[in-house]
Structures are given as structure tokens and as C-alpha cells.
Amino acid sequence: MSDLILYSVQGATAVITVNNPPVNALSPGVPEGIGESLAKAVADDAVNAIVLIGGGRTFIAGADIKEFGKITSGQRKGFELLPLMRAMEDSSKPVVVAIHGTAFGGGLEVAMGGHYRVASPSAQVGQPEVKLGIIPGAAGTQRLPRLAGVAKAAEMCAFGEPIKAADALACGIVDRIIEGDLLTCAIAFAQEIVASGITPPKPRERNEKLSEAISFDALRAQARKTKRGLTAPLAAIDAVEASTQLPFDEGCKKEREIFERCLYSDQSKAMIHAFFGEREVAKIPFLAKDTAVAEIRRAAVIGAGTMGGGIAMNYANAGIPVIVKEATQEALDRGMAVIRKNYANSVAKGRFPQSVMDARMALITPQLTYDGFEEADIITEAVFEGMALKKEIFTAIDGIAKPTCILASNTSTLSIDEIAAVTARPHMVIGTHFFSPANVMRLLEIVRGAKTSHEVIATCMALAKKLNKVGVLVGNCRGFVGNRMIHPYIREATFLVEEGASPEQVDKVLYDFGLAMGPLAMGDLAGLDVGWRIRQEYRHLETPGERHPRVNDALCEMGRYGQKTGRGWYAYDENRKSSPDPEVAALIERTSAELGITRRVVSDDEILDRTMYALVNEGAKILEEGFALRSVDIDIIYLTGYGFPAHRGGPMFYAGLVGLKKVYERVCEFHATHGDQWAPATLLKRLAEEGKTFAQWDKER
Ligand code: 3HC
Ligand code: NAI
């Protein structure tokens, strides 16, 4: 037997321990090893009960997700777990599964093969497969309804959210919560069963909960609404419904068919890419493993505006005391009121109790001075976007902060190197670019200046994790990665409107693609005046004769800044509900005429290709210039910071699904028609010619 499974006999109980760190995934050898140990225990006359448990930090956290790509690419055969669960159920000796950590996916499915389940109070169980674009594939959709009831099972399989041990006990997945040592108590539980003489129940035969009436159609409607565009939640509901219509074995067959269909889908490939991508971005190839990571015990934030307030909340949420410094009492009061309101909303929604809010508020110290800044381990600047002001602030804090303090800027466009140059410690200066709303959005672009030290990078990557953010390291170019790419995306969306599309058409195409909102609605939300001011500032850098969007400037000239003024690309009512505005339609027509553009019918395909490939082409340039480490980093930036749909895997992965040859040819067409702003990236051209994807390029480097 391999080291993946450990076997011992304690008294009359055989203990099978899964030993496949870090999460005891069902990698090749694990199910086989459990099966062999089970057979050994059943055959051993000295054994009268069996306990299955996970070694290390968790019970089995699921199938080995790395194997799925090998299956779909034909490198290995599919897996077959059903015989293992059947052998557990058919064991003549009671099988007790002891759960700690996370029994997820195939882990919960294996657990449901046991006759009984006991769990630590902190354990969680779940069928999160839909988050990978698949459904449970080892009878989870058939055994879970039998244990937990149909409604609970359908909800767990369709939405993938885990439940805590207490909830699992209440609904029947778990039979006992163990307060003491899990293994000792699981063995005692197994011996209780033996002593009672009860014939252990087989979960597959427990049909009594299957007659529970539930509306699958209502659940489907909910899934369509809350999981827009995703196929797996609906597929999971079909599979659970099958448990109520078919005998167990037939239900398993049906589940398998649906599972296979999902596994080979583009959605699943994209979501698995996103799962590993989120973990990959934390790995910085040039950082030595022993790079020192400083502990952040105290923080300070400058500016309590839109971003500063949210950033301070992040520190407080992580238990880090934070000083917030403002320029005026009025701005400080306003900023603190927003923080208080945000926390109060969370309390009202039941996310946490008032006591948590009070504790977090107590960690935030509002003030107008730099008092206490000398103790901070990191100072995050979030004042207005302007180089002169940033330089003034960095000069001031450089004089106050202790030498080991990291000086971070939240700038979205300015050069970190230029800011760092005014300090005597450019190696301690870095960009920490939070996304709005900073207390909600998961992305944190960590912008590395030319002189930023490895220790500061490593510390900020670790800090991101502590703040519950996804930290992605990027280089110091204008707009960094996310906003640099958004620029051509919005440019094309606006051009399309000037050429003949309506704002509603452009936004609908991208919304239907799966984005949280279209580019023009996003502009209204962020404030159109921000880009307008930046364009005015940088107008002198424009290449003469190059086309630039004009209608967005015209909107700003009319005072239509977006949601904040109640009018932008759309008109907004008091509930911020948008509607098309005839004034905008007239403005667009006028602007097109002034620009000498004959308006035409623009197809939905053209809208999608021009906006998406604008992102992809810029992303490829960023990669060849080295401002992002890998294409997956760009994907994760878009998935966690820009509402890009997970089931498309991010812009670079999406391009791979389309085929880079096709993308490249389309970019060349746009280049010929629309000019040099569409000059194809060299990397895109090369990979298209080599028949590769960006994901392959990542692996080969
Ligand atoms: N397969 C392969 N690798 C896995 C894995 C899995 N199921 N789950 C986690 N890992 C890897 C991660 O990639 C990571 O690798 P790295 O260190 O090289 O980056 C390492 O294990 C640790 O993972 P995390 O960093 O995510 O550790 P956390 O402690 O933060 O979280 C966890 C642990 C809650 C288990 C989280 O990893 C998780 O949610 N994993 C996925 C669980 C899941 O989706 N299970 C269902 C799989 S599909 C299935 O079972 C199909 C079945 O129905 C047949
Ligand atoms: P904001 O205008 O909402 O807030 C800036 C705050 O800084 C104001 O409250 C102002 O009083 C304060 N301030 C100005 N000078 C100060 C000083 N000397 N000391 C203390 N406080 C001072 O601006 P916002 O939107 O929060 O932007 C801040 C930074 O974050 C900018 O660099 C911006 O580019 C960047 N950013 C903004 C995003 C957004 O969506 N708003 C997203 C990501 C980055």
C-alpha cells in the first residue's frame, strides 16, 4: 500500500487515514488505497468497526482538480469512485467517517458512502463543484438528498456554498458533533454502534426523504437569476431532480452523463483555470523562498475619500489598528460616516453582530495630523490623483515614518518610480492599487517600482492575503495592468456608439457575455468626469491625426458625469435605475455628424470582438513588455477586479478558447480598417502562428 493511505488497528477498530497533503484530494492512488484498506479491515476477524479520517488539516477536500485537464485532454481515463462508496456501504462492519476541515465535493461523496458521519465543530461540508463548472460526479446528487432532504441537497449542489457542522447535523448529513479528540471519539462512536447491535443503514437505501415536495422550477429560476450564464447550477438541479424520479443506480447513471457533459465544457475549463489562477498569482518566480516578510502590526491611511475609507476598513477587518488622516475636519467626518454606514449595513444584513462592528470601529483612529505615523508598519496614501500632491505627501511621510515602514500609494495612473524618487527610501515604496469599493472588491494590484525591494513585495503579497484580497504583482506602466487594458476597451465601446450602435446595444452585448455590466454603464458608475479630466491632462501626448472618442467628452461638457449627477450615458431615477435618454441619442447623432461618420448598423458580433480583442491585444502587449508575470495574472485581475465572468476564464483565457489565430486575424482586420491603435501585439501574432494559447505560453516560460 502506498503512503497515501495509512492503516492501523486500534482495539477492535481499523483506522484508515488519508495522507495526501495539503488537502487530501482524491489523487490517483487515494480511492484505491482506501478500498484496499477497507477490504483488509473487513477481512480481519480482530476488527469489528472501521473509521475513515483525514490526516493533517482536513478530511478529503474533493477530487484532484489537476486530474480533470488530463481527462479532458485524453491523457488519462476518467475516474470511478462509485464502487468504493458501494463497498463502504456494503461493509459488514460499521464504517464511521470522521470529518474535520473541509469535506468538499468528492470528499463529502466518499463520506456519504459511510454508514455514519461524525464531525468536529469547525468542520464544513459542501458540494462546491458548480464553482468549477461541473456537478458532483460520484453520487453526491443522489446520496445527499437521501441524507439531507431534497431541498437542502438541491440548494447545496446548485449553489455550491458549504455548510457548517451544526447545520450538517441539523439536516442529517452528520450524525454527531465531536467536541473532544476526533479520532478517539469516532472510535468510541463506532464501538457504540457495534455494542448496540444495530444494522448500519446504507445511505443509498434511505429513501424516506425523497418524497419531500420542492419546486425545482423555482430553484431553476433562482439559479438563472443569481448565476447568470452558468450551465452547471442548472445541470446540478437536473441531477438532484433525477434522484426523486429514478432508482439509485439509474440516478447515478444520469448524474454521470450530466457530469461528463459539464466536465468537457468550456465553462468548466475556464472556471478550473480561474481556481488554479487565483493560487498561481501568489507565486512570484523571482522571489526566493526565504525572502523576509515583515509583520504589519499598525497601519496608517492618508485620505478618507472613496478609496481611503474602504482601505482603512480592510485593515480594521483584519484586526490591524489603523490611523486615518484627512486634510479637513469636514472630509474626515464624511469619510468616517461612510465607514460607519457600511459597517451598520453589514450588521443590519446579519453578516456580523454589533459587537464586531464596534471592535472594528475602535481600531480606526480618525485625525487631521501625522501623530502616530512614526509607529506605522505601512502607510497607504489615497489622496486626490495629482503628482504634485502625491510628491508633497511622500516627502512628508518619508520624514516621519520609521525606516522599516512601507510607503504605499493607491494611485491608479501615476508613476510609482516618480513618487518614490522624492523619498530617501525608494526601495520601501510600492503601489497598492485597491479597486472600488475597496472594502468589497477582491483585487489588489501590487505595483512594483524599479527600486522596490523583494522584501517589500513579499510583505505586500502576504498582506493582500491577510486582508482577504487577491494580490497580483504588476509592473509600473501607465494604468498598470487592469486600467491600461480598460482604456482601449472603453475606447472601442465609445467608437462603436459613434459609428452607429446605441449605448444600450453595446452594454447589452457585454452584459449577455456575462460581465457584471457593460462598459458604458460602468463608466456611469465610476464617474465619466474622471476619465475626462485625465484625457484633458494627457491631450498633449496624443498622436496628431489619431482618432479619439469624442462623445464621452461631449457628455461631460453637458454635466452628464454618470450616476453621481443622475445623468450620464443613461438617465437615472432616484433608485439608480437606468433608462435610455433621448438627449443622449441626439447628442450621439450630432457628434457622429460632426466627426463626419456615416452611422451604420453595427452587429453584436462586431461589438463583442472589438471590445474583447481590444482587451486581449493590449494584454498581449503588457505581457511582451513584462508588466504582468503571466497571462493568468491578467485573467485574475479581470475576474476579481472588473466583473469579468468566471465562466469565460478571463480575457486571455477567453482568447484561447476562441483560438488565437481567429483573434489575430480579426485584430488585423480592425488594424486595416481603424488604424494603428489596432497594431497587433507581436506576442499575439507569434502565438497565433504557432497555434498556441496564452495559457500554454505561461507554462513554457
Ligand atoms: N485538487 C487539487 N488541488 C487542490 C484541491 C483539489 N481538490 N484543493 C486545493 N488544492 C490545492 C491548491 O491548488 C493549493 O495548491 P498550491 O499550494 O500549490 O497553490 C493547495 O491545495 C492548498 O489550497 P488552498 O490554498 O486553496 O488552501 P486553503 O486552506 O485556503 O483552502 C480548500 C482549502 C477550502 C480545500 C480550498 O483549497 C478549496 O476550496 N479547494 C477546492 C475544493 C473543491 O472544489 N472540491 C471539489 C473538487 S471537484 C470534485 O470533487 C468532483 C467530484 O464530485 C467527483
Ligand atoms: P477622493 O476624492 O474620494 O478622496 C481623496 C481624499 O483625500 C479627500 O477626502 C481629500 O480631502 C483627501 N486629501 C487630499 N489631500 C490630503 C492631505 N494632504 N492629507 C490628507 N487627506 C487629503 O479620491 P479617491 O477616489 O478616494 O481616490 C484616491 C486615490 O485612489 C487616487 O489616487 C485615485 O486615483 C485612486 N483610486 C481611485 C479609485 C476610484 O474608483 N475612486 C480606484 C482606484 C484608485
# chains A, B, ... in the order shown; residues from 1 in each chain; ligands from 1
call {"tool": "residues_near_ligand", "arguments": {"ligand": "ligand 2", "cutoff": "6 Å", "atoms": "only C-alpha atoms and all ligand atoms", "output": "list of chain:residue names"}}
result
A:Ile302, A:Gly303, A:Ala304, A:Gly305, A:Thr306, A:Met307, A:Gly308, A:Lys325, A:Glu326, A:Ala327, A:Ala331, A:Ala382, A:Val383, A:Phe384, A:Glu385, A:Asn410, A:Thr411, A:Ser412, A:His433, A:Phe434, A:Phe435, A:Ser436
call {"tool": "residues_around", "arguments": {"residues": "stretch 30-43 of chain A", "least_positions_apart": "4", "cutoff": "10 Å", "atoms": "only C-alpha atoms", "output": "PDB file with C-alpha atoms, in the first residue's frame"}}
result
ATOM      1  CA  MET A   1       0.000   0.000   0.000  1.00  0.00           C
ATOM      2  CA  SER A   2       1.292   3.485  -0.837  1.00  0.00           C
ATOM      3  CA  ASP A   3       1.986   6.221   1.709  1.00  0.00           C
ATOM      4  CA  LEU A   4      -1.187   7.964   0.569  1.00  0.00           C
ATOM      5  CA  ILE A   5      -3.228   5.847   2.955  1.00  0.00           C
ATOM      6  CA  LEU A   6      -2.213   4.823   6.468  1.00  0.00           C
ATOM      7  CA  TYR A   7      -3.773   1.789   8.123  1.00  0.00           C
ATOM      8  CA  SER A   8      -3.778   0.840  11.776  1.00  0.00           C
ATOM      9  CA  VAL A   9      -5.930  -1.117  14.177  1.00  0.00           C
ATOM     10  CA  ALA A  12     -11.101  -3.605  17.531  1.00  0.00           C
ATOM     11  CA  THR A  13     -11.406  -0.587  15.203  1.00  0.00           C
ATOM     12  CA  ALA A  14      -9.500  -0.296  11.949  1.00  0.00           C
ATOM     13  CA  VAL A  15      -8.431   3.296  11.279  1.00  0.00           C
ATOM     14  CA  ILE A  16      -7.937   4.341   7.668  1.00  0.00           C
ATOM     15  CA  THR A  17      -6.148   7.695   7.421  1.00  0.00           C
ATOM     16  CA  VAL A  18      -5.902   9.625   4.171  1.00  0.00           C
ATOM     17  CA  ASN A  19      -2.433  11.091   3.917  1.00  0.00           C
ATOM     18  CA  ASN A  20      -2.280  13.226   0.787  1.00  0.00           C
ATOM     19  CA  ASN A  24      -6.130  15.047   0.946  1.00  0.00           C
ATOM     20  CA  ALA A  25      -7.509  15.319  -2.586  1.00  0.00           C
ATOM     21  CA  LEU A  26      -8.605  12.075  -4.223  1.00  0.00           C
ATOM     22  CA  VAL A  47     -11.676  -5.813  13.580  1.00  0.00           C
ATOM     23  CA  ASN A  48     -15.365  -5.107  14.232  1.00  0.00           C
ATOM     24  CA  ALA A  49     -15.636  -1.462  13.039  1.00  0.00           C
ATOM     25  CA  ILE A  50     -13.885   0.945  10.675  1.00  0.00           C
ATOM     26  CA  VAL A  51     -13.119   4.663  10.953  1.00  0.00           C
ATOM     27  CA  LEU A  52     -12.107   6.722   7.901  1.00  0.00           C
ATOM     28  CA  ILE A  60     -10.768  14.894   1.782  1.00  0.00           C
ATOM     29  CA  ALA A  63     -11.390  15.073  -6.333  1.00  0.00           C
ATOM     30  CA  ASP A  64      -7.929  16.111  -7.503  1.00  0.00           C
ATOM     31  CA  PHE A  79     -12.193   8.186 -12.525  1.00  0.00           C
ATOM     32  CA  GLU A  80     -14.624   5.767 -10.988  1.00  0.00           C
ATOM     33  CA  LEU A  81     -15.458   6.307  -7.319  1.00  0.00           C
ATOM     34  CA  PRO A  83     -17.550   1.107  -6.378  1.00  0.00           C
ATOM     35  CA  LEU A  84     -15.607   2.467  -3.380  1.00  0.00           C
ATOM     36  CA  MET A  85     -18.712   4.015  -1.826  1.00  0.00           C
ATOM     37  CA  ALA A  87     -18.025  -1.223  -0.829  1.00  0.00           C
ATOM     38  CA  MET A  88     -18.164   1.078   2.215  1.00  0.00           C
ATOM     39  CA  SER A  91     -19.259  -3.473   4.553  1.00  0.00           C
ATOM     40  CA  SER A  92     -20.483  -5.938   7.154  1.00  0.00           C
ATOM     41  CA  LYS A  93     -18.721  -3.833   9.805  1.00  0.00           C
ATOM     42  CA  PRO A  94     -19.925  -0.298  10.564  1.00  0.00           C
ATOM     43  CA  VAL A  95     -17.983   2.410   8.730  1.00  0.00           C
ATOM     44  CA  VAL A 110     -16.866   9.481  -0.006  1.00  0.00           C
TER      45      VAL A 110
END
call {"tool": "residues_near_ligand", "arguments": {"ligand": "ligand 1", "cutoff": "7 Å", "atoms": "only C-alpha atoms and all ligand atoms", "output": "list in words"}}
result
Pro22, Val23, Ala25, Ala61, Gly62, Ala63, Asp64, Ile65, Lys66, Thr102, Phe104, Gly105, Gly106, Gly107, Glu109, Gln127, Pro128, Glu129, Lys131, Leu132, Ile135, Pro136, Gly137, Ala138, Gly140, Phe276, Arg279 and Glu280 of chain A
call {"tool": "select_by_dssp", "arguments": {"residues": "stretch 345-565 of chain A", "states": "helix (DSSP H, G or I)", "output": "ChimeraX atom specification"}}
result
/A:345-348,354-363,373-375,387-400,416-420,426-428,454-466,482-499,503-513,519-526,528-541,551-557,563-565
call {"tool": "residues_around", "arguments": {"residues": "A:Tyr511", "least_positions_apart": "2", "cutoff": "12 Å", "atoms": "only C-alpha atoms", "output": "MDAnalysis selection string"}}
result
chainID A and resid 228:229 504:509 513:522 604 607:608 643:645
call {"tool": "decode", "arguments": {"residues": "stretch 247-263 of chain A", "atoms": "all heavy atoms", "output": "short mmCIF file (atom, residue, chain, number, x, y, z; two decimals), in the first residue's frame"}}
result
data_model
loop_
_atom_site.label_atom_id
_atom_site.label_comp_id
_atom_site.auth_asym_id
_atom_site.auth_seq_id
_atom_site.Cartn_x
_atom_site.Cartn_y
_atom_site.Cartn_z
N PRO A 247 -34.60 5.18 -9.65
CA PRO A 247 -33.94 4.38 -8.63
C PRO A 247 -32.48 4.81 -8.51
O PRO A 247 -31.92 5.40 -9.45
CB PRO A 247 -34.04 2.95 -9.16
CG PRO A 247 -34.97 2.98 -10.31
CD PRO A 247 -35.08 4.39 -10.79
N PHE A 248 -31.84 4.49 -7.39
CA PHE A 248 -30.49 4.99 -7.09
C PHE A 248 -29.50 4.77 -8.25
O PHE A 248 -28.85 5.71 -8.72
CB PHE A 248 -29.96 4.34 -5.81
CG PHE A 248 -28.59 4.82 -5.44
CD1 PHE A 248 -28.42 6.04 -4.80
CD2 PHE A 248 -27.46 4.08 -5.77
CE1 PHE A 248 -27.16 6.51 -4.47
CE2 PHE A 248 -26.18 4.55 -5.45
CZ PHE A 248 -26.04 5.77 -4.79
N ASP A 249 -29.42 3.55 -8.74
CA ASP A 249 -28.41 3.26 -9.77
C ASP A 249 -28.67 4.05 -11.05
O ASP A 249 -27.74 4.54 -11.71
CB ASP A 249 -28.36 1.76 -10.07
CG ASP A 249 -27.70 1.00 -8.92
OD1 ASP A 249 -26.99 1.65 -8.12
OD2 ASP A 249 -27.91 -0.22 -8.81
N GLU A 250 -29.97 4.15 -11.40
CA GLU A 250 -30.32 4.92 -12.61
C GLU A 250 -29.98 6.39 -12.41
O GLU A 250 -29.49 7.07 -13.32
CB GLU A 250 -31.82 4.78 -12.91
CG GLU A 250 -32.27 3.38 -13.27
CD GLU A 250 -31.57 2.91 -14.54
OE1 GLU A 250 -31.61 3.65 -15.52
OE2 GLU A 250 -30.96 1.82 -14.51
N GLY A 251 -30.25 6.87 -11.20
CA GLY A 251 -29.94 8.26 -10.87
C GLY A 251 -28.44 8.53 -11.01
O GLY A 251 -28.02 9.57 -11.52
N CYS A 252 -27.65 7.54 -10.57
CA CYS A 252 -26.18 7.71 -10.67
C CYS A 252 -25.76 7.77 -12.14
O CYS A 252 -24.86 8.54 -12.50
CB CYS A 252 -25.47 6.54 -10.00
SG CYS A 252 -25.60 6.62 -8.21
N LYS A 253 -26.41 6.96 -12.95
CA LYS A 253 -26.06 6.98 -14.40
C LYS A 253 -26.37 8.34 -15.00
O LYS A 253 -25.59 8.90 -15.77
CB LYS A 253 -26.91 5.91 -15.12
CG LYS A 253 -26.10 4.69 -15.48
CD LYS A 253 -26.86 3.80 -16.43
CE LYS A 253 -26.62 2.37 -16.03
NZ LYS A 253 -27.78 1.50 -16.18
N LYS A 254 -27.53 8.85 -14.62
CA LYS A 254 -27.95 10.15 -15.14
C LYS A 254 -26.96 11.23 -14.66
O LYS A 254 -26.52 12.09 -15.45
CB LYS A 254 -29.36 10.45 -14.60
CG LYS A 254 -29.90 11.80 -14.92
CD LYS A 254 -30.72 11.76 -16.17
CE LYS A 254 -31.16 13.16 -16.54
NZ LYS A 254 -31.78 13.27 -17.80
N GLU A 255 -26.60 11.17 -13.39
CA GLU A 255 -25.63 12.13 -12.85
C GLU A 255 -24.33 12.08 -13.66
O GLU A 255 -23.75 13.10 -14.01
CB GLU A 255 -25.34 11.82 -11.38
CG GLU A 255 -24.29 12.74 -10.77
CD GLU A 255 -23.73 12.21 -9.45
OE1 GLU A 255 -22.80 11.35 -9.49
OE2 GLU A 255 -24.20 12.66 -8.40
N ARG A 256 -23.90 10.87 -13.96
CA ARG A 256 -22.63 10.69 -14.68
C ARG A 256 -22.69 11.35 -16.07
O ARG A 256 -21.74 12.02 -16.49
CB ARG A 256 -22.35 9.19 -14.80
CG ARG A 256 -20.98 8.88 -15.31
CD ARG A 256 -19.98 9.30 -14.25
NE ARG A 256 -18.63 9.25 -14.75
CZ ARG A 256 -17.56 9.20 -13.98
NH1 ARG A 256 -17.68 9.23 -12.66
NH2 ARG A 256 -16.37 9.16 -14.49
N GLU A 257 -23.82 11.13 -16.75
CA GLU A 257 -23.96 11.73 -18.09
C GLU A 257 -23.83 13.25 -17.99
O GLU A 257 -23.12 13.89 -18.76
CB GLU A 257 -25.37 11.48 -18.64
CG GLU A 257 -25.59 10.13 -19.27
CD GLU A 257 -27.09 9.89 -19.43
OE1 GLU A 257 -27.87 10.86 -19.67
OE2 GLU A 257 -27.47 8.72 -19.29
N ILE A 258 -24.55 13.81 -17.01
CA ILE A 258 -24.54 15.28 -16.88
C ILE A 258 -23.14 15.75 -16.47
O ILE A 258 -22.63 16.75 -16.98
CB ILE A 258 -25.60 15.73 -15.84
CG1 ILE A 258 -27.00 15.26 -16.26
CG2 ILE A 258 -25.58 17.24 -15.68
CD1 ILE A 258 -28.09 15.54 -15.24
N PHE A 259 -22.52 15.03 -15.55
CA PHE A 259 -21.18 15.38 -15.08
C PHE A 259 -20.19 15.45 -16.26
O PHE A 259 -19.43 16.40 -16.41
CB PHE A 259 -20.71 14.35 -14.04
CG PHE A 259 -19.27 14.51 -13.64
CD1 PHE A 259 -18.90 15.44 -12.68
CD2 PHE A 259 -18.27 13.73 -14.21
CE1 PHE A 259 -17.57 15.60 -12.31
CE2 PHE A 259 -16.94 13.88 -13.86
CZ PHE A 259 -16.59 14.81 -12.89
N GLU A 260 -20.25 14.40 -17.10
CA GLU A 260 -19.31 14.33 -18.24
C GLU A 260 -19.52 15.52 -19.18
O GLU A 260 -18.57 16.14 -19.65
CB GLU A 260 -19.54 13.04 -19.04
CG GLU A 260 -19.24 11.78 -18.27
CD GLU A 260 -17.80 11.32 -18.44
OE1 GLU A 260 -17.19 11.63 -19.47
OE2 GLU A 260 -17.27 10.64 -17.51
N ARG A 261 -20.80 15.83 -19.41
CA ARG A 261 -21.10 16.95 -20.32
C ARG A 261 -20.48 18.23 -19.75
O ARG A 261 -19.85 19.00 -20.47
CB ARG A 261 -22.62 17.08 -20.42
CG ARG A 261 -23.08 17.72 -21.70
CD ARG A 261 -24.56 17.57 -21.94
NE ARG A 261 -25.38 18.12 -20.87
CZ ARG A 261 -26.39 17.49 -20.28
NH1 ARG A 261 -26.68 16.26 -20.64
NH2 ARG A 261 -27.10 18.07 -19.34
N CYS A 262 -20.65 18.44 -18.46
CA CYS A 262 -20.11 19.66 -17.83
C CYS A 262 -18.58 19.64 -17.87
O CYS A 262 -17.95 20.66 -18.16
CB CYS A 262 -20.57 19.76 -16.39
SG CYS A 262 -22.31 20.12 -16.21
N LEU A 263 -18.00 18.49 -17.58
CA LEU A 263 -16.54 18.40 -17.47
C LEU A 263 -15.85 18.82 -18.78
O LEU A 263 -14.80 19.45 -18.76
CB LEU A 263 -16.12 16.98 -17.08
CG LEU A 263 -14.63 16.76 -16.85
CD1 LEU A 263 -14.15 17.58 -15.66
CD2 LEU A 263 -14.32 15.29 -16.60
#
